[in-house]
Amino acid sequence: MADSSFDIVSKVERQEVDNALNQAAKEISQRYDFKGTGATIEWSGDKIFMQASGEERVKAILDIFQSKLIKRGISLKSLDAGEPQLSGKEYKIFASIEEGISQENAKKVAKAIRDEGPKGVKAQVQGEELRVSSKSRDDLQAVIALLKGKDFDFALQFVNYR
């Protein structure tokens with residue numbers, strides 16, 4: 001019998017991020033406490049750009065955006081937001097969406113599988129994803145449960161389960 005396998009990836013649906021950003025922009029434009037403060041949130045290339053007249057206001061914009069991401073099922077671990085920066089009279093925050101598993105993070109996951117996972121489970125790094133294979137599907141499900149229970153500082157998704 002052939003080995004069963006699945007892939008561990010860290011991907012974010014760009015359209016869902018775009019929808020969350022549009023919802024946050026609409027809420028900011030309609031909320032009374034943001035009237036006349038120059039509060040905006042928008043794409044700036046691959047980064048998300050937030051701007052307002054005060055530090056608390058720009059942090060509130062980030063908070064609104066984070067809540068919209070959560071409602072759309074996107075992990076906040078994939079959002080990398082900087083600190084508010086003063087630029088003239090405006091405060092700005094640049095945020096980016098992190099995708100892909102770095103070599104270092106893939107090694108952490110593979111080590112966790114080797115150390116705590118069932119015997120006979122193999123993990124191989126393939127670019128920005130990790131392929132986990134075993135003869136037993138039960139072992140693979142145990143690995144998924146193990147990794148979901150661990151708190152990594154990056155988002156994980158499990159795909160191509162065969």
# chains A, B, ... in the order shown; residues from 1 in each chain; ligands from 1
>>> select_by_dssp(residues="region 4-55 of chain A", states="helix (DSSP H, G or I)", output="MDAnalysis selection string")
chainID A and resid 14:30 32:34 55
>>> write_last_selection(atoms="C-alpha atoms", output="PDB file, in the first residue's frame")
ATOM      1  CA  ARG A  14      -5.566  37.487  -1.056  1.00  0.00           C
ATOM      2  CA  GLN A  15      -9.234  38.084  -1.956  1.00  0.00           C
ATOM      3  CA  GLU A  16     -10.303  37.540   1.667  1.00  0.00           C
ATOM      4  CA  VAL A  17      -7.681  40.059   2.870  1.00  0.00           C
ATOM      5  CA  ASP A  18      -8.945  42.494   0.229  1.00  0.00           C
ATOM      6  CA  ASN A  19     -12.542  41.990   1.410  1.00  0.00           C
ATOM      7  CA  ALA A  20     -11.522  42.552   5.048  1.00  0.00           C
ATOM      8  CA  LEU A  21      -9.659  45.730   4.056  1.00  0.00           C
ATOM      9  CA  ASN A  22     -12.687  47.036   2.122  1.00  0.00           C
ATOM     10  CA  GLN A  23     -15.004  46.295   5.065  1.00  0.00           C
ATOM     11  CA  ALA A  24     -12.627  48.089   7.455  1.00  0.00           C
ATOM     12  CA  ALA A  25     -12.388  51.097   5.098  1.00  0.00           C
ATOM     13  CA  LYS A  26     -16.179  51.297   4.879  1.00  0.00           C
ATOM     14  CA  GLU A  27     -16.559  51.125   8.669  1.00  0.00           C
ATOM     15  CA  ILE A  28     -13.897  53.807   9.158  1.00  0.00           C
ATOM     16  CA  SER A  29     -15.613  56.124   6.644  1.00  0.00           C
ATOM     17  CA  GLN A  30     -18.978  55.718   8.420  1.00  0.00           C
ATOM     18  CA  TYR A  32     -18.592  59.105  13.923  1.00  0.00           C
ATOM     19  CA  ASP A  33     -15.337  59.014  15.925  1.00  0.00           C
ATOM     20  CA  PHE A  34     -13.265  58.960  12.693  1.00  0.00           C
ATOM     21  CA  GLU A  55      -1.648  57.491  17.446  1.00  0.00           C
TER      22      GLU A  55
END
>>> residues_around(residues="region 120-124 of chain A", least_positions_apart="2", cutoff="7 Å", atoms="only C-alpha atoms", output="list of chain:residue names")
A:Ala110, A:Pro118, A:Gln126, A:Leu130, A:Arg131, A:Val132, A:Ser133, A:Ser134
>>> write_last_selection(atoms="C-alpha atoms", output="mmCIF file, in the first residue's frame")
data_model
loop_
_atom_site.group_PDB
_atom_site.id
_atom_site.type_symbol
_atom_site.label_atom_id
_atom_site.label_comp_id
_atom_site.auth_asym_id
_atom_site.auth_seq_id
_atom_site.Cartn_x
_atom_site.Cartn_y
_atom_site.Cartn_z
ATOM 1 C CA ALA A 110 9.698 18.874 11.343
ATOM 2 C CA PRO A 118 4.091 8.862 16.102
ATOM 3 C CA GLN A 126 9.757 21.172 -0.111
ATOM 4 C CA LEU A 130 6.331 20.663 4.336
ATOM 5 C CA ARG A 131 5.229 17.194 3.142
ATOM 6 C CA VAL A 132 4.314 14.751 5.911
ATOM 7 C CA SER A 133 3.903 11.077 4.992
ATOM 8 C CA SER A 134 3.194 7.815 6.778
#
>>> residues_around(residues="region 9-13 of chain A", least_positions_apart="6", cutoff="10 Å", atoms="only C-alpha atoms", output="list in words")
Arg72, Gly73, Ile74, Ser75, Ser78, Leu79, Ile97, Glu98, Glu99, Gly100, Ile101, Ser102, Ala106, Glu128, Glu129, Leu130, Arg131, Phe154, Ala155, Leu156, Gln157, Phe158 and Val159 of chain A
>>> atom_distance(atom1="CA of Gly127 (chain A)", atom2="CA of Phe94 (chain A)")
27.4 Å
>>> atom_distance(atom1="CA of Ser53 (chain A)", atom2="CA of Ala81 (chain A)")
18.1 Å
>>> closest_residue(among="A:Asp115, A:Asp151, A:Glu42, A:Asp139", to="Ile93 (chain A)", atoms="only C-alpha atoms")
A:Glu42
>>> closest_residue(among="A:Gly38, A:Gly45, A:Ser136, A:Leu147", to="Lys111 (chain A)", atoms="only C-alpha atoms")
A:Leu147
>>> atom_distance(atom1="CA of Arg31 (chain A)", atom2="CA of Lys77 (chain A)")
27.1 Å
>>> select_by_dssp(residues="region 124-162 of chain A", states="strand (DSSP E)", output="MDAnalysis selection string")
chainID A and resid 124:126 129:134 157:159
>>> closest_residue(among="A:Ile113, A:Phe65, A:Asn160, A:Ser96", to="Lys148 (chain A)", atoms="only C-alpha atoms")
A:Ile113
